[in-house]
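Below is target.tsv, which holds TSV, C-alpha atoms and all ligand atoms.
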chain	number	residue	atom	x	y	z
A	17	MET	CA	35.34	2.74	-4.19
A	18	SER	CA	37.50	0.39	-2.22
A	19	SER	CA	40.02	-2.24	-3.07
A	20	PRO	CA	38.61	-5.76	-2.58
A	21	VAL	CA	41.26	-6.64	0.02
A	22	LEU	CA	39.78	-4.15	2.46
A	23	GLN	CA	37.21	-5.30	5.00
A	24	ASN	CA	33.89	-3.57	4.36
A	25	LEU	CA	33.09	-1.76	7.60
A	26	LEU	CA	29.38	-1.84	6.75
A	27	SER	CA	29.34	-5.65	6.92
A	28	LEU	CA	30.25	-5.71	10.61
A	29	THR	CA	28.20	-5.41	13.78
A	30	HIS	CA	29.47	-3.29	16.63
A	31	ASP	CA	30.81	-6.32	18.53
A	32	GLU	CA	32.63	-7.68	15.50
A	33	LEU	CA	34.24	-4.31	14.85
A	34	ALA	CA	35.19	-3.93	18.51
A	35	ALA	CA	36.87	-7.36	18.38
A	36	ARG	CA	38.86	-6.33	15.31
A	37	PHE	CA	39.85	-3.07	16.92
A	38	GLY	CA	40.92	-5.05	19.99
A	39	ALA	CA	43.22	-7.13	17.81
A	40	LEU	CA	44.75	-3.86	16.60
A	41	GLY	CA	45.33	-2.81	20.20
A	42	GLN	CA	42.51	-0.26	20.11
A	43	PRO	CA	39.93	0.17	22.87
A	44	ALA	CA	36.36	-0.93	22.16
A	45	TYR	CA	34.95	2.61	22.42
A	46	ARG	CA	36.70	3.40	19.14
A	47	ALA	CA	34.32	1.03	17.37
A	48	LYS	CA	31.35	2.94	18.72
A	49	GLN	CA	32.95	6.21	17.66
A	50	VAL	CA	33.56	5.04	14.10
A	51	LEU	CA	30.04	3.58	13.74
A	52	HIS	CA	28.60	6.83	15.10
A	53	TRP	CA	30.39	8.73	12.35
A	54	ARG	CA	29.27	6.31	9.67
A	55	TYR	CA	25.64	5.65	10.65
A	56	ARG	CA	24.60	8.76	12.61
A	57	MET	CA	26.69	11.43	10.90
A	58	ARG	CA	26.75	9.59	7.55
A	59	VAL	CA	30.44	10.35	7.09
A	60	ASP	CA	32.14	8.22	4.45
A	61	ALA	CA	35.73	9.52	4.67
A	62	TRP	CA	38.21	8.72	7.43
A	63	GLU	CA	39.67	12.23	7.40
A	64	ARG	CA	36.32	13.65	8.48
A	65	MET	CA	36.24	11.51	11.65
A	66	THR	CA	37.91	14.34	13.48
A	67	ASP	CA	37.96	12.88	16.98
A	68	LEU	CA	40.14	9.95	15.90
A	69	PRO	CA	43.91	10.49	16.04
A	70	ALA	CA	45.39	10.95	12.56
A	71	PRO	CA	47.70	7.89	12.77
A	72	LEU	CA	44.72	5.73	13.74
A	73	ARG	CA	42.69	7.06	10.81
A	74	ALA	CA	45.56	6.19	8.48
A	75	ALA	CA	45.85	2.69	9.94
A	76	LEU	CA	42.10	2.07	9.67
A	77	ALA	CA	42.03	3.31	6.08
A	78	GLU	CA	44.46	0.53	5.20
A	79	GLN	CA	42.20	-2.14	6.65
A	80	PHE	CA	38.60	-1.04	6.29
A	81	SER	CA	36.53	0.45	3.51
A	82	LEU	CA	33.67	2.86	4.27
A	83	SER	CA	31.93	2.41	0.92
A	84	SER	CA	31.83	-0.34	-1.72
A	85	ILE	CA	29.01	0.64	-4.10
A	86	ALA	CA	28.74	3.58	-6.50
A	87	LEU	CA	25.81	5.14	-8.34
A	88	VAL	CA	25.92	4.66	-12.12
A	89	ARG	CA	22.40	5.70	-13.16
A	90	ARG	CA	19.43	7.41	-11.57
A	91	LEU	CA	15.92	7.54	-12.98
A	92	GLY	CA	12.97	9.55	-11.69
A	93	SER	CA	12.83	12.80	-9.76
A	94	ASN	CA	12.65	13.76	-6.09
A	95	ASP	CA	8.87	13.77	-5.79
A	96	THR	CA	8.31	10.55	-7.72
A	97	THR	CA	9.59	7.01	-7.50
A	98	GLN	CA	13.33	7.02	-8.07
A	99	LYS	CA	15.42	4.16	-9.24
A	100	PHE	CA	19.14	3.80	-8.62
A	101	LEU	CA	21.54	1.53	-10.44
A	102	PHE	CA	24.66	0.78	-8.39
A	103	LYS	CA	27.96	-0.75	-9.40
A	104	LEU	CA	29.58	-3.08	-6.88
A	105	GLY	CA	33.31	-3.39	-6.23
A	106	ASP	CA	33.61	-6.23	-8.77
A	107	GLY	CA	31.68	-4.34	-11.46
A	108	GLN	CA	28.34	-6.15	-10.98
A	109	LEU	CA	25.15	-4.09	-11.13
A	110	ILE	CA	22.24	-3.95	-8.69
A	111	GLU	CA	19.15	-1.77	-8.27
A	112	SER	CA	17.31	0.00	-5.47
A	113	VAL	CA	13.98	1.83	-5.75
A	114	LEU	CA	13.01	4.77	-3.53
A	115	ILE	CA	9.27	5.21	-3.06
A	116	PRO	CA	8.40	8.66	-1.70
A	117	ALA	CA	6.20	9.38	1.30
A	118	SER	CA	2.46	9.46	0.57
A	119	THR	CA	2.82	7.08	-2.34
A	120	SER	CA	1.20	4.05	-0.85
A	121	LEU	CA	2.98	0.76	-1.01
A	122	TYR	CA	0.15	-1.36	0.35
A	123	GLY	CA	-2.84	0.69	-0.65
A	124	GLU	CA	-2.94	2.89	2.44
A	125	ARG	CA	-1.27	6.29	2.31
A	126	SER	CA	2.04	6.41	4.06
A	127	ASP	CA	4.26	9.11	5.49
A	128	ARG	CA	7.26	6.82	5.28
A	129	ARG	CA	9.93	6.82	2.63
A	130	THR	CA	10.53	3.30	1.51
A	131	LEU	CA	13.61	1.85	-0.11
A	132	CYS	CA	13.30	-1.40	-2.02
A	133	VAL	CA	16.70	-3.11	-1.80
A	134	SER	CA	18.43	-5.96	-3.63
A	135	THR	CA	19.98	-8.94	-1.85
A	136	GLN	CA	21.63	-10.78	-4.75
A	137	VAL	CA	23.06	-10.12	-8.20
A	138	GLY	CA	20.49	-11.89	-10.39
A	139	CYS	CA	18.32	-14.65	-8.97
A	140	ALA	CA	18.40	-18.44	-9.20
A	141	TYR	CA	14.66	-18.96	-8.84
A	142	GLY	CA	13.69	-18.13	-12.41
A	143	CYS	CA	10.09	-17.02	-11.96
A	144	LYS	CA	8.72	-16.78	-15.48
A	145	PHE	CA	7.44	-13.20	-15.16
A	146	CYS	CA	10.45	-11.61	-13.48
A	147	ALA	CA	13.34	-9.65	-15.01
A	148	SER	CA	15.71	-10.48	-12.14
A	149	GLY	CA	15.77	-14.18	-12.88
A	150	LEU	CA	16.23	-13.89	-16.65
A	151	ASP	CA	20.02	-14.04	-16.61
A	152	GLY	CA	20.30	-16.46	-13.72
A	153	PHE	CA	22.18	-16.03	-10.48
A	154	THR	CA	25.60	-14.39	-10.17
A	155	ARG	CA	26.30	-13.94	-6.46
A	156	ASN	CA	25.03	-13.02	-3.03
A	157	LEU	CA	25.40	-9.44	-1.81
A	158	THR	CA	27.44	-8.96	1.33
A	159	ALA	CA	25.73	-7.45	4.38
A	160	GLY	CA	27.63	-4.21	3.72
A	161	GLU	CA	26.43	-4.02	0.11
A	162	ILE	CA	22.86	-4.40	1.36
A	163	VAL	CA	23.24	-1.79	4.12
A	164	GLU	CA	24.95	0.72	1.85
A	165	GLN	CA	21.99	0.85	-0.55
A	166	ILE	CA	20.10	2.70	2.19
A	167	LEU	CA	22.96	5.09	2.98
A	168	GLN	CA	23.53	5.87	-0.69
A	169	ALA	CA	19.85	6.37	-1.47
A	170	GLU	CA	19.65	8.89	1.37
A	171	ALA	CA	22.80	10.70	0.31
A	172	ILE	CA	21.63	10.94	-3.32
A	173	SER	CA	18.05	11.96	-2.61
A	174	HIS	CA	18.69	14.03	0.55
A	175	GLU	CA	15.81	12.17	2.12
A	176	ARG	CA	15.70	9.86	5.12
A	177	VAL	CA	14.68	6.27	4.44
A	178	ASP	CA	12.52	4.96	7.26
A	179	ASN	CA	11.07	1.83	5.71
A	180	VAL	CA	12.99	-0.96	3.99
A	181	VAL	CA	11.51	-3.68	1.82
A	182	PHE	CA	13.62	-6.59	0.59
A	183	MET	CA	11.83	-6.70	-2.76
A	184	GLY	CA	14.60	-5.76	-5.17
A	185	MET	CA	16.71	-8.18	-7.11
A	186	GLY	CA	17.31	-11.63	-5.65
A	187	GLU	CA	15.72	-14.01	-3.18
A	188	PRO	CA	16.51	-12.65	0.32
A	189	LEU	CA	16.01	-15.97	2.11
A	190	ALA	CA	18.56	-17.64	-0.20
A	191	ASN	CA	21.16	-15.21	1.19
A	192	PHE	CA	20.02	-15.81	4.74
A	193	GLU	CA	23.16	-15.12	6.73
A	194	ASN	CA	24.01	-11.82	5.05
A	195	LEU	CA	20.35	-10.81	5.12
A	196	MET	CA	20.13	-11.33	8.88
A	197	GLN	CA	23.45	-9.57	9.42
A	198	SER	CA	22.28	-6.56	7.37
A	199	ILE	CA	19.01	-6.45	9.32
A	200	GLN	CA	20.91	-6.41	12.60
A	201	ILE	CA	22.92	-3.41	11.37
A	202	LEU	CA	19.90	-1.62	9.91
A	203	ASN	CA	17.78	-2.20	12.98
A	204	ASN	CA	20.19	-1.39	15.81
A	205	GLN	CA	19.26	1.89	17.49
A	206	ALA	CA	22.42	2.28	19.59
A	207	TRP	CA	25.12	2.05	16.93
A	208	GLY	CA	23.42	1.09	13.65
A	209	VAL	CA	21.10	2.74	11.12
A	210	GLY	CA	18.15	2.64	13.54
A	211	ILE	CA	15.25	1.48	11.37
A	212	GLY	CA	12.50	-0.19	13.43
A	213	ALA	CA	12.00	-3.92	12.80
A	214	ARG	CA	8.34	-3.31	11.98
A	215	HIS	CA	9.51	-1.08	9.18
A	216	ILE	CA	11.56	-3.83	7.58
A	217	THR	CA	9.78	-6.30	5.27
A	218	ILE	CA	11.28	-9.42	3.74
A	219	SER	CA	9.65	-10.74	0.57
A	220	THR	CA	10.17	-14.36	-0.41
A	221	SER	CA	9.14	-16.62	-3.27
A	222	GLY	CA	8.43	-19.25	-0.61
A	223	LEU	CA	11.56	-21.01	0.71
A	224	VAL	CA	9.71	-23.08	3.29
A	225	PRO	CA	12.59	-24.14	5.61
A	226	ARG	CA	13.91	-20.57	5.67
A	227	ILE	CA	10.49	-19.14	6.53
A	228	ARG	CA	10.44	-21.44	9.55
A	229	GLU	CA	13.97	-20.45	10.48
A	230	LEU	CA	13.03	-16.78	10.22
A	231	ALA	CA	9.99	-17.39	12.41
A	232	ASP	CA	12.36	-18.73	15.10
A	233	GLN	CA	14.51	-15.57	15.08
A	234	PRO	CA	13.80	-13.07	17.86
A	235	ILE	CA	13.46	-10.06	15.54
A	236	GLN	CA	9.95	-8.81	14.60
A	237	VAL	CA	10.45	-8.03	10.91
A	238	ARG	CA	7.51	-8.31	8.54
A	239	LEU	CA	7.10	-11.03	5.96
A	240	ALA	CA	5.56	-10.94	2.48
A	241	ILE	CA	5.01	-14.07	0.42
A	242	SER	CA	5.14	-13.88	-3.38
A	243	LEU	CA	2.20	-16.17	-4.01
A	244	HIS	CA	1.03	-15.29	-7.54
A	245	GLY	CA	-1.04	-18.45	-7.88
A	246	ALA	CA	-3.53	-20.05	-5.49
A	247	THR	CA	-3.20	-23.64	-6.78
A	248	ASP	CA	-0.15	-25.77	-7.59
A	249	ASP	CA	-1.25	-25.93	-11.19
A	250	VAL	CA	-1.24	-22.15	-11.73
A	251	ARG	CA	1.62	-21.30	-9.37
A	252	GLY	CA	3.76	-24.12	-10.71
A	253	ARG	CA	3.48	-22.76	-14.25
A	254	ILE	CA	5.02	-19.41	-13.35
A	255	MET	CA	7.14	-20.17	-10.29
A	256	PRO	CA	9.50	-23.17	-10.56
A	257	VAL	CA	10.10	-23.00	-6.79
A	258	ASN	CA	6.59	-24.42	-6.38
A	259	GLN	CA	7.90	-27.82	-7.51
A	260	ARG	CA	10.09	-27.91	-4.43
A	261	TYR	CA	7.71	-26.26	-1.97
A	262	ASN	CA	4.10	-26.56	-3.04
A	263	VAL	CA	1.20	-24.38	-1.94
A	264	ALA	CA	0.22	-26.70	0.94
A	265	ALA	CA	3.77	-26.78	2.33
A	266	LEU	CA	4.03	-23.02	1.95
A	267	MET	CA	0.77	-22.46	3.82
A	268	GLU	CA	1.98	-24.66	6.67
A	269	ALA	CA	5.14	-22.57	6.94
A	270	CYS	CA	3.02	-19.39	6.89
A	271	GLN	CA	0.85	-20.83	9.67
A	272	TYR	CA	3.99	-21.53	11.69
A	273	TRP	CA	5.16	-17.95	11.14
A	274	HIS	CA	1.77	-16.58	12.13
A	275	GLU	CA	1.72	-18.61	15.37
A	276	ARG	CA	5.31	-17.87	16.36
A	277	LYS	CA	5.26	-14.19	15.53
A	278	LYS	CA	1.66	-13.37	16.39
A	279	GLN	CA	1.85	-11.22	13.33
A	280	ARG	CA	-0.04	-11.05	10.07
A	281	LEU	CA	1.82	-11.62	6.86
A	282	THR	CA	1.13	-10.34	3.37
A	283	PHE	CA	0.45	-12.31	0.21
A	284	GLU	CA	1.76	-10.56	-2.87
A	285	TYR	CA	-0.25	-11.51	-5.91
A	286	ILE	CA	0.72	-10.15	-9.34
A	287	LEU	CA	-2.21	-10.14	-11.75
A	288	ILE	CA	-1.13	-11.55	-15.12
A	289	ALA	CA	-3.68	-11.58	-17.95
A	290	GLY	CA	-5.03	-15.04	-18.72
A	291	VAL	CA	-2.62	-16.77	-16.33
A	292	ASN	CA	-3.73	-16.25	-12.71
A	293	ASP	CA	-6.50	-13.66	-12.93
A	294	GLY	CA	-9.61	-15.87	-13.16
A	295	ASP	CA	-12.49	-15.92	-10.65
A	296	ALA	CA	-11.59	-19.43	-9.48
A	297	GLN	CA	-8.08	-18.30	-8.47
A	298	ALA	CA	-9.55	-15.35	-6.55
A	299	GLU	CA	-11.84	-17.71	-4.65
A	300	ARG	CA	-8.99	-20.10	-3.82
A	301	LEU	CA	-6.79	-17.19	-2.80
A	302	ALA	CA	-9.44	-15.97	-0.35
A	303	ARG	CA	-9.56	-19.45	1.18
A	304	LEU	CA	-5.77	-19.49	1.63
A	305	ALA	CA	-5.65	-16.04	3.22
A	306	ASP	CA	-8.62	-16.46	5.53
A	307	PRO	CA	-7.22	-18.80	8.24
A	308	LEU	CA	-3.99	-16.78	8.39
A	309	LYS	CA	-5.75	-13.41	8.37
A	310	ALA	CA	-3.12	-12.57	5.73
A	311	LYS	CA	-3.27	-9.24	3.94
A	312	ILE	CA	-3.54	-9.56	0.18
A	313	ASN	CA	-1.70	-7.16	-2.03
A	314	LEU	CA	-2.79	-7.33	-5.67
A	315	ILE	CA	-0.28	-5.87	-8.13
A	316	PRO	CA	-1.11	-5.54	-11.82
A	317	TYR	CA	1.82	-7.05	-13.73
A	318	ASN	CA	4.57	-4.63	-14.74
A	319	THR	CA	5.56	-5.41	-18.34
A	320	VAL	CA	9.12	-6.68	-18.79
A	321	THR	CA	10.91	-6.21	-22.11
A	322	GLY	CA	11.49	-9.61	-23.65
A	323	LEU	CA	8.64	-11.31	-21.77
A	324	ASP	CA	5.17	-11.78	-23.26
A	325	TRP	CA	3.08	-11.47	-20.10
A	326	GLU	CA	0.61	-8.61	-19.77
A	327	ARG	CA	-1.47	-7.01	-17.04
A	328	PRO	CA	-5.22	-7.73	-17.16
A	329	ALA	CA	-7.68	-5.04	-18.28
A	330	ILE	CA	-8.85	-2.74	-15.48
A	331	ASP	CA	-12.31	-4.36	-15.26
A	332	ARG	CA	-10.74	-7.83	-14.81
A	333	GLN	CA	-8.47	-6.44	-12.08
A	334	ASP	CA	-11.53	-4.94	-10.40
A	335	ALA	CA	-13.54	-8.15	-10.70
A	336	PHE	CA	-10.72	-10.15	-9.07
A	337	HIS	CA	-10.46	-7.55	-6.32
A	338	ARG	CA	-14.24	-7.62	-5.74
A	339	ILE	CA	-14.32	-11.39	-5.17
A	340	LEU	CA	-11.65	-11.07	-2.49
A	341	ARG	CA	-13.48	-8.21	-0.80
A	342	ARG	CA	-16.61	-10.29	-0.26
A	343	GLY	CA	-15.35	-11.62	3.07
A	344	ASP	CA	-13.62	-9.57	5.72
A	345	LEU	CA	-10.19	-9.93	4.12
A	346	ASP	CA	-7.76	-7.04	4.09
A	347	VAL	CA	-7.05	-6.64	0.38
A	348	THR	CA	-5.56	-3.84	-1.67
A	349	LEU	CA	-5.13	-3.39	-5.39
A	350	ARG	CA	-1.89	-1.52	-5.84
A	351	ARG	CA	-1.79	0.37	-9.07
A	352	GLU	CA	1.97	0.24	-9.48
A	353	LYS	CA	3.95	3.46	-9.20
A	354	GLY	CA	7.07	3.80	-11.25
A	355	HIS	CA	5.78	1.77	-14.18
A	356	ASP	CA	7.17	4.47	-16.46
A	357	ILE	CA	10.70	4.04	-15.14
A	358	ASP	CA	10.77	0.24	-15.29
A	359	ALA	CA	10.41	-0.04	-11.54
A	360	ALA	CA	9.88	-3.79	-11.49
A	361	CYS	CA	12.97	-5.38	-10.04
A	362	GLY	CA	15.86	-6.23	-12.32
A	363	GLN	CA	14.70	-4.26	-15.32
A	364	LEU	CA	17.07	-1.30	-15.27
A	365	ARG	CA	20.06	-3.57	-14.79
A	366	ARG	CA	19.11	-5.69	-17.79
A	367	GLN	CA	18.57	-2.65	-19.94
A	368	THR	CA	21.97	-1.25	-18.95
A	369	MET	CA	23.78	-4.56	-19.49
A	370	GLN	CA	22.22	-4.94	-22.92
A	371	THR	CA	23.17	-1.46	-24.06
A	372	ALA	CA	26.62	-1.43	-22.41
A	401	LIG	N1	12.66	-12.84	-4.56
A	401	LIG	C1	11.75	-12.24	-3.67
A	401	LIG	C2	11.91	-10.73	-3.56
A	401	LIG	C3	12.19	-9.99	-4.83
A	401	LIG	S1	10.86	-9.92	-5.98
A	401	LIG	C4	10.33	-12.59	-4.05
A	401	LIG	O1	10.13	-13.17	-5.09
A	401	LIG	O2	9.45	-12.30	-3.25
A	401	LIG	C5	9.81	-8.70	-5.23
A	401	LIG	C6	8.39	-8.74	-5.75
A	401	LIG	O3	8.32	-8.21	-7.08
A	401	LIG	C7	7.84	-10.14	-5.80
A	401	LIG	O4	6.54	-10.22	-5.26
A	401	LIG	C8	7.87	-10.40	-7.27
A	401	LIG	O5	7.03	-11.45	-7.58
A	401	LIG	C9	7.49	-9.05	-7.84
A	401	LIG	N2	7.71	-8.91	-9.28
A	401	LIG	C10	8.67	-9.48	-10.03
A	401	LIG	N3	8.52	-9.13	-11.33
A	401	LIG	C11	7.44	-8.32	-11.39
A	401	LIG	C12	6.77	-7.65	-12.45
A	401	LIG	N4	7.21	-7.73	-13.69
A	401	LIG	N5	5.68	-6.91	-12.15
A	401	LIG	C13	5.24	-6.80	-10.87
A	401	LIG	N6	5.83	-7.40	-9.84
A	401	LIG	C14	6.93	-8.16	-10.08
A	402	LIG	FE1	13.77	-14.31	-8.00
A	402	LIG	FE2	11.76	-13.13	-6.67
A	402	LIG	FE3	12.18	-12.64	-9.31
A	402	LIG	FE4	11.27	-15.02	-8.53
A	402	LIG	S1	10.21	-13.04	-8.30
A	402	LIG	S2	12.93	-14.67	-10.04
A	402	LIG	S3	12.36	-15.31	-6.61
A	402	LIG	S4	13.53	-12.12	-7.64
Please lay out the structure from this file as structure tokens.
Ligand code: SAH
Ligand code: SF4
Amino acid sequence: MSSPVLQNLLSLTHDELAARFGALGQPAYRAKQVLHWRYRMRVDAWERMTDLPAPLRAALAEQFSLSSIALVRRLGSNDTTQKFLFKLGDGQLIESVLIPASTSLYGERSDRRTLCVSTQVGCAYGCKFCASGLDGFTRNLTAGEIVEQILQAEAISHERVDNVVFMGMGEPLANFENLMQSIQILNNQAWGVGIGARHITISTSGLVPRIRELADQPIQVRLAISLHGATDDVRGRIMPVNQRYNVAALMEACQYWHERKKQRLTFEYILIAGVNDGDAQAERLARLADPLKAKINLIPYNTVTGLDWERPAIDRQDAFHRILRRGDLDVTLRREKGHDIDAACGQLRRQTMQTA
């Protein structure tokens, strides 16, 4: 763990680090060397960077930290979904969830290991079904705190992460700058972590101006929209953000994304008993997805301690699914993995805070 006065190395791109090294009178190739140690060799101690002169290592150790998060709890085992609770430098807690290969995230089987990462401590958006929003918003994660979740998850599990989903705690698009910075570091093949842009998915509750801004960025990351209601009436009851950006405005932003990126997006739709699981919602949802050719990912609600919502009975889930499958929509019903370890975002943190 580092002292807060140190600059987190994992927050910097290669060019930013090279500029800082330049100010210290060091040649730019040193930046590449250090990042090679950190991201390729996964070395997190200066003394192990053996091709750097010892006095330089000592000088860098006084200015830069190589790690700023530490594991405090781990749930699950190597062949199942694993959940990590990390403590940040200021004592705040965040979660990441590792989903093993062959456990499908979107219905299809996958040979990729996925890490679900957090972007904020808490969340300001207060969706009524979600554990992350229950205690409100504390702060944004830095780019380095986001990037390190991947490095730590790999070090703990001894597995490579080759798919990243921004579906942990927080609203990624509300921490836009640090999100984009972390993606640059995660994506870069020459000096960074080297995860392909198509294996990075951002999930948002629907921040319309930010969706447009993201569509204008050159990078080809994937986008998932937390829809959870197909009309303003239903969505507005469970997602306060719908008062600011209603379904029509959200669909326009999705259309913009679709046109700019030439890419399909995903609608995430949690099924909550008696709230958004009726036939009429399924029909409206199909009509929203159709013009965008959006994939629909149905997720039976994961119960949250302290909240009264429940997942619908299996036959209701199936009936909802069947209505959507009538057309040629790409729709999956994801029977959530990790239900037994409270894998829905924000739950482990709450549990730990309440028992601490
Ligand atoms: N803030 C972003 C990303 C984090 S939430 C967003 O809302 O998209 C990631 C996903 O988990 C969202 O689709 C969210 O709606 C879903 N989620 C939250 N609580 C859940 C629960 N109890 N059961 C199932 N999914 C949940
Ligand atoms: Fe925040 Fe997403 Fe949870 Fe809503 S669903 S409270 S936006 S983390």
As a VMD selection string, please: every protein or nucleic acid residue near ligand LIG 401 (chain A) (cut-off 8 Å, counting all atoms listed in the file). chain A and resid 134 139 141 143 145 to 148 182 to 188 218 to 222 240 to 244 284 to 286 315 to 320 352 360 to 362
Where is the centre and how long are the edges: axis-aligned box on region 295-310 of chain A, 8 Å on each side, Å to one decimal, as lines of an AutoDock Vina configuration file:
center_x = -7.8
center_y = -16.3
center_z = -1.1
size_x = 25.4
size_y = 23.5
size_z = 35.0
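Residues with any atom within 8 Å of Ala44 (chain A), counting only C-alpha atoms and excluding same-chain neighbours fewer than 5 positions away, are Ala34, Ala35, Phe37 and Gly38 of chain A.
The smallest atom-to-atom distance between Asn191 (chain A) and any of A:Arg332, A:His174, A:Lys278, A:Arg226, using only C-alpha atoms, is found for A:Arg226.
With only C-alpha atoms as the atoms that count, the residue of A:Arg338, A:Arg303, A:Arg89, A:Arg46 with the shortest distance to Met267 (chain A) is A:Arg303.
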